[in-house]
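Shown below: start_20.cif, with mmCIF, N, CA and C atoms and all ligand atoms.
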```
data_protein
loop_
_atom_site.group_PDB
_atom_site.id
_atom_site.type_symbol
_atom_site.label_atom_id
_atom_site.label_comp_id
_atom_site.auth_asym_id
_atom_site.auth_seq_id
_atom_site.Cartn_x
_atom_site.Cartn_y
_atom_site.Cartn_z
ATOM 1 N N MET A 13 33.657 -1.786 8.963
ATOM 2 C CA MET A 13 33.938 -0.425 8.551
ATOM 3 C C MET A 13 34.936 0.231 9.508
ATOM 4 N N GLN A 14 35.711 1.156 8.997
ATOM 5 C CA GLN A 14 36.827 1.671 9.770
ATOM 6 C C GLN A 14 36.454 2.580 10.948
ATOM 7 N N ASP A 15 35.890 3.734 10.673
ATOM 8 C CA ASP A 15 35.640 4.655 11.780
ATOM 9 C C ASP A 15 34.231 5.250 11.718
ATOM 10 N N LYS A 16 33.993 6.148 12.674
ATOM 11 C CA LYS A 16 32.661 6.731 12.808
ATOM 12 C C LYS A 16 32.233 7.509 11.557
ATOM 13 N N GLU A 17 33.197 8.235 10.958
ATOM 14 C CA GLU A 17 32.880 9.015 9.756
ATOM 15 C C GLU A 17 32.467 8.121 8.591
ATOM 16 N N ASP A 18 33.197 7.001 8.436
ATOM 17 C CA ASP A 18 32.851 6.042 7.374
ATOM 18 C C ASP A 18 31.454 5.475 7.603
ATOM 19 N N ARG A 19 31.162 5.169 8.859
ATOM 20 C CA ARG A 19 29.842 4.606 9.182
ATOM 21 C C ARG A 19 28.736 5.606 8.869
ATOM 22 N N LEU A 20 28.982 6.873 9.210
ATOM 23 C CA LEU A 20 27.986 7.911 8.937
ATOM 24 C C LEU A 20 27.776 8.078 7.433
ATOM 25 N N ALA A 21 28.875 8.055 6.691
ATOM 26 C CA ALA A 21 28.782 8.193 5.233
ATOM 27 C C ALA A 21 27.988 7.036 4.642
ATOM 28 N N MET A 22 28.280 5.829 5.092
ATOM 29 C CA MET A 22 27.569 4.661 4.573
ATOM 30 C C MET A 22 26.096 4.718 4.954
ATOM 31 N N ALA A 23 25.788 5.143 6.151
ATOM 32 C CA ALA A 23 24.387 5.256 6.584
ATOM 33 C C ALA A 23 23.649 6.242 5.681
ATOM 34 N N ARG A 24 24.298 7.341 5.362
ATOM 35 C CA ARG A 24 23.700 8.361 4.498
ATOM 36 C C ARG A 24 23.483 7.817 3.084
ATOM 37 N N ILE A 25 24.483 7.134 2.572
ATOM 38 C CA ILE A 25 24.378 6.567 1.212
ATOM 39 C C ILE A 25 23.224 5.570 1.136
ATOM 40 N N LEU A 26 23.156 4.681 2.106
ATOM 41 C CA LEU A 26 22.106 3.657 2.081
ATOM 42 C C LEU A 26 20.717 4.287 2.209
ATOM 43 N N ALA A 27 20.594 5.288 3.063
ATOM 44 C CA ALA A 27 19.288 5.941 3.258
ATOM 45 C C ALA A 27 18.846 6.661 1.980
ATOM 46 N N ARG A 28 19.771 7.390 1.355
ATOM 47 C CA ARG A 28 19.439 8.118 0.123
ATOM 48 C C ARG A 28 19.133 7.164 -1.020
ATOM 49 N N LEU A 29 19.930 6.117 -1.097
ATOM 50 C CA LEU A 29 19.740 5.115 -2.147
ATOM 51 C C LEU A 29 18.355 4.479 -2.029
ATOM 52 N N GLU A 30 17.960 4.156 -0.825
ATOM 53 C CA GLU A 30 16.663 3.521 -0.601
ATOM 54 C C GLU A 30 15.526 4.490 -0.964
ATOM 55 N N LYS A 31 15.647 5.719 -0.512
ATOM 56 C CA LYS A 31 14.597 6.714 -0.765
ATOM 57 C C LYS A 31 14.446 6.981 -2.268
ATOM 58 N N TYR A 32 15.580 7.235 -2.922
ATOM 59 C CA TYR A 32 15.538 7.547 -4.350
ATOM 60 C C TYR A 32 15.053 6.337 -5.159
ATOM 61 N N SER A 33 15.597 5.160 -4.847
ATOM 62 C CA SER A 33 15.266 3.964 -5.619
ATOM 63 C C SER A 33 13.790 3.620 -5.518
ATOM 64 N N LYS A 34 13.247 3.663 -4.305
ATOM 65 C CA LYS A 34 11.830 3.319 -4.140
ATOM 66 C C LYS A 34 10.950 4.233 -4.978
ATOM 67 N N ALA A 35 11.247 5.532 -4.939
ATOM 68 C CA ALA A 35 10.443 6.498 -5.698
ATOM 69 C C ALA A 35 10.609 6.253 -7.200
ATOM 70 N N HIS A 36 11.861 6.086 -7.640
ATOM 71 C CA HIS A 36 12.135 5.895 -9.072
ATOM 72 C C HIS A 36 11.485 4.609 -9.597
ATOM 73 N N LEU A 37 11.671 3.507 -8.877
ATOM 74 C CA LEU A 37 11.167 2.219 -9.347
ATOM 75 C C LEU A 37 9.635 2.197 -9.382
ATOM 76 N N GLU A 38 9.028 2.872 -8.435
ATOM 77 C CA GLU A 38 7.564 2.926 -8.386
ATOM 78 C C GLU A 38 7.011 3.657 -9.621
ATOM 79 N N VAL A 39 7.620 4.775 -9.951
ATOM 80 C CA VAL A 39 7.179 5.550 -11.122
ATOM 81 C C VAL A 39 7.393 4.743 -12.401
ATOM 82 N N GLU A 40 8.575 4.103 -12.477
ATOM 83 C CA GLU A 40 8.907 3.302 -13.661
ATOM 84 C C GLU A 40 7.899 2.163 -13.842
ATOM 85 N N GLU A 41 7.620 1.451 -12.761
ATOM 86 C CA GLU A 41 6.683 0.321 -12.836
ATOM 87 C C GLU A 41 5.281 0.782 -13.227
ATOM 88 N N LYS A 42 4.859 1.903 -12.690
ATOM 89 C CA LYS A 42 3.527 2.437 -13.001
ATOM 90 C C LYS A 42 3.439 2.731 -14.501
ATOM 91 N N CYS A 43 4.477 3.364 -15.028
ATOM 92 C CA CYS A 43 4.514 3.718 -16.448
ATOM 93 C C CYS A 43 4.497 2.464 -17.328
ATOM 94 N N LEU A 44 5.312 1.465 -16.951
ATOM 95 C CA LEU A 44 5.385 0.230 -17.746
ATOM 96 C C LEU A 44 4.051 -0.509 -17.709
ATOM 97 N N ASN A 45 3.445 -0.555 -16.544
ATOM 98 C CA ASN A 45 2.176 -1.262 -16.383
ATOM 99 C C ASN A 45 1.071 -0.567 -17.183
ATOM 100 N N GLU A 46 1.002 0.734 -17.077
ATOM 101 C CA GLU A 46 -0.051 1.492 -17.774
ATOM 102 C C GLU A 46 0.085 1.405 -19.290
ATOM 103 N N ASN A 47 1.319 1.197 -19.760
ATOM 104 C CA ASN A 47 1.521 1.144 -21.214
ATOM 105 C C ASN A 47 1.635 -0.274 -21.759
ATOM 106 N N GLY A 48 1.307 -1.244 -20.923
ATOM 107 C CA GLY A 48 1.259 -2.641 -21.370
ATOM 108 C C GLY A 48 2.597 -3.213 -21.790
ATOM 109 N N TYR A 49 3.643 -2.838 -21.068
ATOM 110 C CA TYR A 49 4.973 -3.365 -21.421
ATOM 111 C C TYR A 49 4.969 -4.896 -21.279
ATOM 112 N N PRO A 50 5.326 -5.632 -22.335
ATOM 113 C CA PRO A 50 5.220 -7.098 -22.299
ATOM 114 C C PRO A 50 6.126 -7.776 -21.256
ATOM 115 N N HIS A 51 7.224 -7.140 -20.879
ATOM 116 C CA HIS A 51 8.129 -7.764 -19.879
ATOM 117 C C HIS A 51 7.966 -7.122 -18.503
ATOM 118 N N TYR A 52 6.774 -6.616 -18.261
ATOM 119 C CA TYR A 52 6.520 -5.896 -17.008
ATOM 120 C C TYR A 52 6.848 -6.744 -15.772
ATOM 121 N N GLU A 53 6.340 -7.963 -15.718
ATOM 122 C CA GLU A 53 6.526 -8.805 -14.515
ATOM 123 C C GLU A 53 8.002 -9.102 -14.266
ATOM 124 N N THR A 54 8.725 -9.448 -15.316
ATOM 125 C CA THR A 54 10.160 -9.740 -15.179
ATOM 126 C C THR A 54 10.910 -8.499 -14.715
ATOM 127 N N HIS A 55 10.525 -7.365 -15.283
ATOM 128 C CA HIS A 55 11.190 -6.113 -14.934
ATOM 129 C C HIS A 55 10.917 -5.761 -13.464
ATOM 130 N N LYS A 56 9.669 -5.964 -13.075
ATOM 131 C CA LYS A 56 9.285 -5.673 -11.683
ATOM 132 C C LYS A 56 10.044 -6.590 -10.714
ATOM 133 N N GLN A 57 10.219 -7.830 -11.106
ATOM 134 C CA GLN A 57 10.975 -8.781 -10.262
ATOM 135 C C GLN A 57 12.418 -8.326 -10.075
ATOM 136 N N ALA A 58 13.004 -7.770 -11.132
ATOM 137 C CA ALA A 58 14.381 -7.263 -11.029
ATOM 138 C C ALA A 58 14.430 -6.102 -10.026
ATOM 139 N N HIS A 59 13.410 -5.248 -10.070
ATOM 140 C CA HIS A 59 13.342 -4.141 -9.110
ATOM 141 C C HIS A 59 13.205 -4.680 -7.680
ATOM 142 N N GLN A 60 12.373 -5.716 -7.522
ATOM 143 C CA GLN A 60 12.180 -6.290 -6.179
ATOM 144 C C GLN A 60 13.481 -6.888 -5.653
ATOM 145 N N PHE A 61 14.244 -7.495 -6.561
ATOM 146 C CA PHE A 61 15.551 -8.036 -6.180
ATOM 147 C C PHE A 61 16.459 -6.900 -5.711
ATOM 148 N N PHE A 62 16.444 -5.797 -6.458
ATOM 149 C CA PHE A 62 17.261 -4.638 -6.098
ATOM 150 C C PHE A 62 16.899 -4.149 -4.694
ATOM 151 N N LEU A 63 15.601 -4.005 -4.436
ATOM 152 C CA LEU A 63 15.161 -3.503 -3.128
ATOM 153 C C LEU A 63 15.486 -4.499 -2.011
ATOM 154 N N SER A 64 15.418 -5.792 -2.325
ATOM 155 C CA SER A 64 15.762 -6.789 -1.296
ATOM 156 C C SER A 64 17.256 -6.740 -0.971
ATOM 157 N N LYS A 65 18.068 -6.411 -1.969
ATOM 158 C CA LYS A 65 19.513 -6.255 -1.716
ATOM 159 C C LYS A 65 19.758 -5.048 -0.816
ATOM 160 N N LEU A 66 19.037 -3.963 -1.051
ATOM 161 C CA LEU A 66 19.186 -2.780 -0.192
ATOM 162 C C LEU A 66 18.821 -3.116 1.252
ATOM 163 N N GLU A 67 17.778 -3.922 1.396
ATOM 164 C CA GLU A 67 17.345 -4.357 2.730
ATOM 165 C C GLU A 67 18.463 -5.168 3.398
ATOM 166 N N GLN A 68 19.070 -6.044 2.601
ATOM 167 C CA GLN A 68 20.175 -6.862 3.129
ATOM 168 C C GLN A 68 21.365 -5.974 3.518
ATOM 169 N N PHE A 69 21.648 -4.965 2.683
ATOM 170 C CA PHE A 69 22.753 -4.050 2.992
ATOM 171 C C PHE A 69 22.488 -3.306 4.302
ATOM 172 N N ARG A 70 21.227 -2.946 4.530
ATOM 173 C CA ARG A 70 20.883 -2.237 5.766
ATOM 174 C C ARG A 70 21.160 -3.141 6.980
ATOM 175 N N LYS A 71 20.781 -4.416 6.834
ATOM 176 C CA LYS A 71 21.034 -5.384 7.919
ATOM 177 C C LYS A 71 22.535 -5.588 8.119
ATOM 178 N N ASP A 72 23.261 -5.675 7.004
ATOM 179 C CA ASP A 72 24.715 -5.851 7.087
ATOM 180 C C ASP A 72 25.367 -4.636 7.750
ATOM 181 N N PHE A 73 24.798 -3.481 7.473
ATOM 182 C CA PHE A 73 25.304 -2.251 8.094
ATOM 183 C C PHE A 73 25.108 -2.313 9.600
ATOM 184 N N GLU A 74 23.901 -2.707 10.015
ATOM 185 C CA GLU A 74 23.603 -2.821 11.453
ATOM 186 C C GLU A 74 24.554 -3.813 12.123
ATOM 187 N N ALA A 75 24.896 -4.872 11.373
ATOM 188 C CA ALA A 75 25.781 -5.911 11.910
ATOM 189 C C ALA A 75 27.260 -5.515 11.777
ATOM 190 N N ASP A 76 27.496 -4.316 11.209
ATOM 191 C CA ASP A 76 28.850 -3.794 11.038
ATOM 192 C C ASP A 76 29.730 -4.719 10.189
ATOM 193 N N LYS A 77 29.134 -5.211 9.105
ATOM 194 C CA LYS A 77 29.860 -6.117 8.214
ATOM 195 C C LYS A 77 31.056 -5.394 7.579
ATOM 196 N N PHE A 78 32.198 -5.986 7.710
ATOM 197 C CA PHE A 78 33.447 -5.334 7.311
ATOM 198 C C PHE A 78 33.540 -5.052 5.811
ATOM 199 N N THR A 79 33.012 -5.950 4.990
ATOM 200 C CA THR A 79 33.161 -5.826 3.535
ATOM 201 C C THR A 79 31.994 -5.088 2.869
ATOM 202 N N LEU A 80 31.112 -4.509 3.666
ATOM 203 C CA LEU A 80 29.889 -3.906 3.104
ATOM 204 C C LEU A 80 30.149 -2.876 2.006
ATOM 205 N N HIS A 81 31.094 -1.960 2.228
ATOM 206 C CA HIS A 81 31.309 -0.909 1.222
ATOM 207 C C HIS A 81 31.726 -1.488 -0.133
ATOM 208 N N PHE A 82 32.521 -2.574 -0.114
ATOM 209 C CA PHE A 82 32.910 -3.222 -1.380
ATOM 210 C C PHE A 82 31.681 -3.842 -2.046
ATOM 211 N N GLU A 83 30.883 -4.517 -1.235
ATOM 212 C CA GLU A 83 29.708 -5.211 -1.780
ATOM 213 C C GLU A 83 28.708 -4.228 -2.377
ATOM 214 N N VAL A 84 28.502 -3.107 -1.708
ATOM 215 C CA VAL A 84 27.570 -2.095 -2.223
ATOM 216 C C VAL A 84 28.096 -1.540 -3.550
ATOM 217 N N ALA A 85 29.383 -1.224 -3.600
ATOM 218 C CA ALA A 85 29.972 -0.660 -4.820
ATOM 219 C C ALA A 85 29.868 -1.645 -5.986
ATOM 220 N N ILE A 86 30.185 -2.896 -5.746
ATOM 221 C CA ILE A 86 30.133 -3.902 -6.816
ATOM 222 C C ILE A 86 28.690 -4.123 -7.272
ATOM 223 N N PHE A 87 27.780 -4.214 -6.308
ATOM 224 C CA PHE A 87 26.367 -4.426 -6.652
ATOM 225 C C PHE A 87 25.833 -3.278 -7.506
ATOM 226 N N LEU A 88 26.138 -2.039 -7.117
ATOM 227 C CA LEU A 88 25.635 -0.881 -7.867
ATOM 228 C C LEU A 88 26.238 -0.820 -9.267
ATOM 229 N N LYS A 89 27.514 -1.160 -9.375
ATOM 230 C CA LYS A 89 28.161 -1.177 -10.694
ATOM 231 C C LYS A 89 27.453 -2.196 -11.601
ATOM 232 N N ASN A 90 27.200 -3.381 -11.059
ATOM 233 C CA ASN A 90 26.513 -4.407 -11.844
ATOM 234 C C ASN A 90 25.088 -3.997 -12.188
ATOM 235 N N TRP A 91 24.430 -3.315 -11.273
ATOM 236 C CA TRP A 91 23.054 -2.869 -11.519
ATOM 237 C C TRP A 91 23.022 -1.861 -12.664
ATOM 238 N N VAL A 92 23.972 -0.954 -12.670
ATOM 239 C CA VAL A 92 24.031 0.052 -13.745
ATOM 240 C C VAL A 92 24.262 -0.642 -15.084
ATOM 241 N N VAL A 93 25.228 -1.555 -15.112
ATOM 242 C CA VAL A 93 25.575 -2.229 -16.366
ATOM 243 C C VAL A 93 24.451 -3.160 -16.832
ATOM 244 N N ASN A 94 23.931 -3.969 -15.925
ATOM 245 C CA ASN A 94 22.951 -4.983 -16.339
ATOM 246 C C ASN A 94 21.528 -4.460 -16.439
ATOM 247 N N HIS A 95 21.111 -3.680 -15.481
ATOM 248 C CA HIS A 95 19.715 -3.245 -15.497
ATOM 249 C C HIS A 95 19.529 -1.904 -16.235
ATOM 250 N N ILE A 96 20.219 -0.896 -15.783
ATOM 251 C CA ILE A 96 19.976 0.433 -16.363
ATOM 252 C C ILE A 96 20.402 0.499 -17.827
ATOM 253 N N MET A 97 21.554 -0.114 -18.143
ATOM 254 C CA MET A 97 22.041 -0.020 -19.520
ATOM 255 C C MET A 97 21.453 -1.063 -20.454
ATOM 256 N N ASN A 98 20.796 -2.076 -19.910
ATOM 257 C CA ASN A 98 20.174 -3.088 -20.769
ATOM 258 C C ASN A 98 18.654 -3.132 -20.606
ATOM 259 N N ASP A 99 18.188 -3.552 -19.432
ATOM 260 C CA ASP A 99 16.743 -3.733 -19.226
ATOM 261 C C ASP A 99 15.969 -2.428 -19.389
ATOM 262 N N ASP A 100 16.492 -1.355 -18.796
ATOM 263 C CA ASP A 100 15.779 -0.075 -18.895
ATOM 264 C C ASP A 100 15.805 0.466 -20.330
ATOM 265 N N LYS A 101 16.904 0.221 -21.026
ATOM 266 C CA LYS A 101 16.983 0.684 -22.426
ATOM 267 C C LYS A 101 15.951 -0.041 -23.289
ATOM 268 N N GLU A 102 15.717 -1.308 -22.938
ATOM 269 C CA GLU A 102 14.771 -2.119 -23.696
ATOM 270 C C GLU A 102 13.354 -1.542 -23.583
ATOM 271 N N TYR A 103 12.950 -1.156 -22.389
ATOM 272 C CA TYR A 103 11.590 -0.593 -22.264
ATOM 273 C C TYR A 103 11.523 0.796 -22.890
ATOM 274 N N LYS A 104 12.654 1.521 -22.880
ATOM 275 C CA LYS A 104 12.638 2.856 -23.488
ATOM 276 C C LYS A 104 12.367 2.739 -24.994
ATOM 277 N N ALA A 105 12.942 1.729 -25.610
ATOM 278 C CA ALA A 105 12.700 1.501 -27.039
ATOM 279 C C ALA A 105 11.223 1.184 -27.269
ATOM 280 N N PHE A 106 10.648 0.363 -26.398
ATOM 281 C CA PHE A 106 9.231 0.009 -26.500
ATOM 282 C C PHE A 106 8.345 1.255 -26.372
ATOM 283 N N LEU A 107 8.641 2.068 -25.347
ATOM 284 C CA LEU A 107 7.827 3.272 -25.124
ATOM 285 C C LEU A 107 8.021 4.290 -26.245
ATOM 286 N N ASN A 108 9.228 4.354 -26.786
ATOM 287 C CA ASN A 108 9.485 5.248 -27.918
ATOM 288 C C ASN A 108 8.608 4.864 -29.108
ATOM 289 N N GLU A 109 8.549 3.569 -29.357
ATOM 290 C CA GLU A 109 7.743 3.087 -30.482
ATOM 291 C C GLU A 109 6.264 3.425 -30.305
ATOM 292 N N LYS A 110 5.832 3.405 -29.039
ATOM 293 C CA LYS A 110 4.439 3.744 -28.767
ATOM 294 C C LYS A 110 4.199 5.249 -28.724
ATOM 295 N N GLY A 111 5.286 6.003 -28.812
ATOM 296 C CA GLY A 111 5.177 7.457 -28.789
ATOM 297 C C GLY A 111 4.995 8.027 -27.384
ATOM 298 N N VAL A 112 5.318 7.215 -26.367
ATOM 299 C CA VAL A 112 5.160 7.679 -24.978
ATOM 300 C C VAL A 112 6.352 8.541 -24.556
ATOM 301 N N MET A 113 7.532 8.162 -25.023
ATOM 302 C CA MET A 113 8.742 8.901 -24.616
ATOM 303 C C MET A 113 9.353 9.629 -25.810
HETATM 304 FE FE FE B 201 14.026 -0.723 -14.288
HETATM 305 FE FE FE B 202 15.137 2.665 -13.945
#
```
Would you put the structure from the file into structure tokens?
Amino acid sequence: MQDKEDRLAMARILARLEKYSKAHLEVEEKCLNENGYPHYETHKQAHQFFLSKLEQFRKDFEADKFTLHFEVAIFLKNWVVNHIMNDDKEYKAFLNEKGVM
């Protein structure tokens, strides 16, 4: 990473991302589990993968990995496209049918 300001910005992004994601994923998993979502385990595994990537990013940050900002941006873009726009939409349809959402 280039300078102190960039490092501070990245530290803030990673901290907020971790805090928000943990809270969001926990609520989502609780809802899916309570409503008997058939792909609950697979969905939960995807969340665990996401959180493990955040953990890796934190380590990469500590190690001052030069390409970290690119990797975080690409990972988040893929997460939005693959998980939020596909996997999450799939459970929303399921919950809609059950009248939960
Ligand atoms: Fe999800
Ligand atoms: Fe989600």
*To one decimal place, how far is atom C of Leu20 (chain A) from atom N of Leu88 (chain A) in Å?*
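Spanning atom C of Leu20 (chain A) to atom N of Leu88 (chain A) is a straight-line distance of 17.8 Å.
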Which residues match the PyMOL selection byres (((not hetatm)) within 7 of (chain B and resi 201)) in the file above, as a PDB file with N, CA and C atoms, keeping the file's coordinate frame?
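That gives us part_20.pdb:
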```pdb
ATOM      1  N   LEU A  37      11.671   3.507  -8.877  1.00  0.00           N
ATOM      2  CA  LEU A  37      11.167   2.219  -9.347  1.00  0.00           C
ATOM      3  C   LEU A  37       9.635   2.197  -9.382  1.00  0.00           C
ATOM      4  N   GLU A  40       8.575   4.103 -12.477  1.00  0.00           N
ATOM      5  CA  GLU A  40       8.907   3.302 -13.661  1.00  0.00           C
ATOM      6  C   GLU A  40       7.899   2.163 -13.842  1.00  0.00           C
ATOM      7  N   GLU A  41       7.620   1.451 -12.761  1.00  0.00           N
ATOM      8  CA  GLU A  41       6.683   0.321 -12.836  1.00  0.00           C
ATOM      9  C   GLU A  41       5.281   0.782 -13.227  1.00  0.00           C
ATOM     10  N   HIS A  55      10.525  -7.365 -15.283  1.00  0.00           N
ATOM     11  CA  HIS A  55      11.190  -6.113 -14.934  1.00  0.00           C
ATOM     12  C   HIS A  55      10.917  -5.761 -13.464  1.00  0.00           C
ATOM     13  N   LYS A  56       9.669  -5.964 -13.075  1.00  0.00           N
ATOM     14  CA  LYS A  56       9.285  -5.673 -11.683  1.00  0.00           C
ATOM     15  C   LYS A  56      10.044  -6.590 -10.714  1.00  0.00           C
ATOM     16  N   ALA A  58      13.004  -7.770 -11.132  1.00  0.00           N
ATOM     17  CA  ALA A  58      14.381  -7.263 -11.029  1.00  0.00           C
ATOM     18  C   ALA A  58      14.430  -6.102 -10.026  1.00  0.00           C
ATOM     19  N   HIS A  59      13.410  -5.248 -10.070  1.00  0.00           N
ATOM     20  CA  HIS A  59      13.342  -4.141  -9.110  1.00  0.00           C
ATOM     21  C   HIS A  59      13.205  -4.680  -7.680  1.00  0.00           C
ATOM     22  N   HIS A  95      21.111  -3.680 -15.481  1.00  0.00           N
ATOM     23  CA  HIS A  95      19.715  -3.245 -15.497  1.00  0.00           C
ATOM     24  C   HIS A  95      19.529  -1.904 -16.235  1.00  0.00           C
ATOM     25  N   ILE A  96      20.219  -0.896 -15.783  1.00  0.00           N
ATOM     26  CA  ILE A  96      19.976   0.433 -16.363  1.00  0.00           C
ATOM     27  C   ILE A  96      20.402   0.499 -17.827  1.00  0.00           C
ATOM     28  N   ASP A  99      18.188  -3.552 -19.432  1.00  0.00           N
ATOM     29  CA  ASP A  99      16.743  -3.733 -19.226  1.00  0.00           C
ATOM     30  C   ASP A  99      15.969  -2.428 -19.389  1.00  0.00           C
ATOM     31  N   ASP A 100      16.492  -1.355 -18.796  1.00  0.00           N
ATOM     32  CA  ASP A 100      15.779  -0.075 -18.895  1.00  0.00           C
ATOM     33  C   ASP A 100      15.805   0.466 -20.330  1.00  0.00           C
TER      34      ASP A 100
END
```
*Neighbour list for Ala75 (chain A) as a VMD selection string, cut-off 12 Å, only C-alpha atoms, skip fewer than 5 positions in-chain*: chain A and resid 13 19 68 to 70 80
_Atom pair CA of Tyr32 (chain A) / CA of Phe87 (chain A): separation (Å)_ =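 Computing it gives 16.3 Å between the two atoms.
Those residues that approach Lys34 (chain A) to within 10 Å, counting only C-alpha atoms, are A:Arg28, A:Leu29, A:Glu30, A:Glu38, A:Val39, A:Glu40, A:His59, A:Gln60, A:Phe62, A:Leu63; same-chain residues fewer than 4 positions away are not listed.
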_Selection: 12 Å around Glu102 (chain A), only C-alpha atoms, excl. self and same-chain fewer than 6 positions, as a PyMOL selection string_ = chain A and resi 44+49-52+55+94-96+108-109
*Could you tell me how far atom C of Ser33 (chain A) lies from atom N of Lys89 (chain A), in Å and to one decimal?*
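Value for the atom C of Ser33 (chain A)-atom N of Lys89 (chain A) distance: 15.0 Å.
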*Pick from A:Thr79, A:Lys110, A:Glu17, A:Lys101: nearest to ligand FE 202 (chain B), with all atoms listed in the file counted?*
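Result for the nearest residue to ligand FE 202 (chain B): A:Lys101.
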Could you write out as JSON the box around region 49-67 of chain A (axis-aligned, all atoms listed in the file, 5 Å on each side), with centre and edge lengths in Å to one decimal?
```
{"center_x": 11.7, "center_y": -6.3, "center_z": -9.5, "size_x": 26.1, "size_y": 17.0, "size_z": 35.7}
```
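Closest to ligand FE 202 (chain B) among A:Lys42, A:Lys65, A:His36, A:Lys77 is A:His36, based on all atoms listed in the file.
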*Extract the full set of helix (DSSP H, G or I) residues from chain A according to DSSP on the backbone, and format it as a ChimeraX atom specification.*
/A:16-46,52-74,80-110
For N, CA and C atoms, please extract region 64-82 of chain A from the block and return it as a PDB file, in the first residue's frame.
```
ATOM      1  N   SER A  64     -13.723 -16.256   6.123  1.00  0.00           N
ATOM      2  CA  SER A  64     -12.316 -16.695   6.116  1.00  0.00           C
ATOM      3  C   SER A  64     -11.479 -15.818   5.184  1.00  0.00           C
ATOM      4  N   LYS A  65     -12.097 -15.334   4.114  1.00  0.00           N
ATOM      5  CA  LYS A  65     -11.384 -14.408   3.213  1.00  0.00           C
ATOM      6  C   LYS A  65     -11.107 -13.090   3.932  1.00  0.00           C
ATOM      7  N   LEU A  66     -12.071 -12.608   4.701  1.00  0.00           N
ATOM      8  CA  LEU A  66     -11.855 -11.369   5.461  1.00  0.00           C
ATOM      9  C   LEU A  66     -10.698 -11.537   6.443  1.00  0.00           C
ATOM     10  N   GLU A  67     -10.641 -12.714   7.050  1.00  0.00           N
ATOM     11  CA  GLU A  67      -9.554 -13.022   7.989  1.00  0.00           C
ATOM     12  C   GLU A  67      -8.208 -12.982   7.254  1.00  0.00           C
ATOM     13  N   GLN A  68      -8.208 -13.564   6.057  1.00  0.00           N
ATOM     14  CA  GLN A  68      -6.977 -13.566   5.250  1.00  0.00           C
ATOM     15  C   GLN A  68      -6.585 -12.133   4.860  1.00  0.00           C
ATOM     16  N   PHE A  69      -7.590 -11.322   4.505  1.00  0.00           N
ATOM     17  CA  PHE A  69      -7.309  -9.928   4.142  1.00  0.00           C
ATOM     18  C   PHE A  69      -6.703  -9.173   5.327  1.00  0.00           C
ATOM     19  N   ARG A  70      -7.189  -9.476   6.528  1.00  0.00           N
ATOM     20  CA  ARG A  70      -6.658  -8.807   7.720  1.00  0.00           C
ATOM     21  C   ARG A  70      -5.172  -9.164   7.900  1.00  0.00           C
ATOM     22  N   LYS A  71      -4.870 -10.450   7.686  1.00  0.00           N
ATOM     23  CA  LYS A  71      -3.468 -10.900   7.789  1.00  0.00           C
ATOM     24  C   LYS A  71      -2.613 -10.255   6.700  1.00  0.00           C
ATOM     25  N   ASP A  72      -3.173 -10.186   5.491  1.00  0.00           N
ATOM     26  CA  ASP A  72      -2.444  -9.566   4.379  1.00  0.00           C
ATOM     27  C   ASP A  72      -2.197  -8.082   4.658  1.00  0.00           C
ATOM     28  N   PHE A  73      -3.164  -7.472   5.311  1.00  0.00           N
ATOM     29  CA  PHE A  73      -3.016  -6.059   5.682  1.00  0.00           C
ATOM     30  C   PHE A  73      -1.864  -5.898   6.661  1.00  0.00           C
ATOM     31  N   GLU A  74      -1.841  -6.762   7.681  1.00  0.00           N
ATOM     32  CA  GLU A  74      -0.761  -6.712   8.680  1.00  0.00           C
ATOM     33  C   GLU A  74       0.600  -6.908   8.014  1.00  0.00           C
ATOM     34  N   ALA A  75       0.614  -7.769   6.984  1.00  0.00           N
ATOM     35  CA  ALA A  75       1.863  -8.066   6.277  1.00  0.00           C
ATOM     36  C   ALA A  75       2.174  -7.002   5.212  1.00  0.00           C
ATOM     37  N   ASP A  76       1.278  -6.002   5.105  1.00  0.00           N
ATOM     38  CA  ASP A  76       1.451  -4.906   4.154  1.00  0.00           C
ATOM     39  C   ASP A  76       1.541  -5.399   2.704  1.00  0.00           C
ATOM     40  N   LYS A  77       0.656  -6.340   2.383  1.00  0.00           N
ATOM     41  CA  LYS A  77       0.642  -6.905   1.032  1.00  0.00           C
ATOM     42  C   LYS A  77       0.293  -5.819   0.005  1.00  0.00           C
ATOM     43  N   PHE A  78       1.121  -5.696  -0.980  1.00  0.00           N
ATOM     44  CA  PHE A  78       1.012  -4.594  -1.937  1.00  0.00           C
ATOM     45  C   PHE A  78      -0.275  -4.622  -2.762  1.00  0.00           C
ATOM     46  N   THR A  79      -0.740  -5.812  -3.120  1.00  0.00           N
ATOM     47  CA  THR A  79      -1.898  -5.934  -4.015  1.00  0.00           C
ATOM     48  C   THR A  79      -3.230  -6.059  -3.265  1.00  0.00           C
ATOM     49  N   LEU A  80      -3.206  -5.866  -1.957  1.00  0.00           N
ATOM     50  CA  LEU A  80      -4.417  -6.111  -1.151  1.00  0.00           C
ATOM     51  C   LEU A  80      -5.651  -5.348  -1.631  1.00  0.00           C
ATOM     52  N   HIS A  81      -5.504  -4.054  -1.921  1.00  0.00           N
ATOM     53  CA  HIS A  81      -6.693  -3.278  -2.307  1.00  0.00           C
ATOM     54  C   HIS A  81      -7.348  -3.826  -3.579  1.00  0.00           C
ATOM     55  N   PHE A  82      -6.526  -4.316  -4.525  1.00  0.00           N
ATOM     56  CA  PHE A  82      -7.091  -4.918  -5.747  1.00  0.00           C
ATOM     57  C   PHE A  82      -7.839  -6.204  -5.397  1.00  0.00           C
TER      58      PHE A  82
END
```
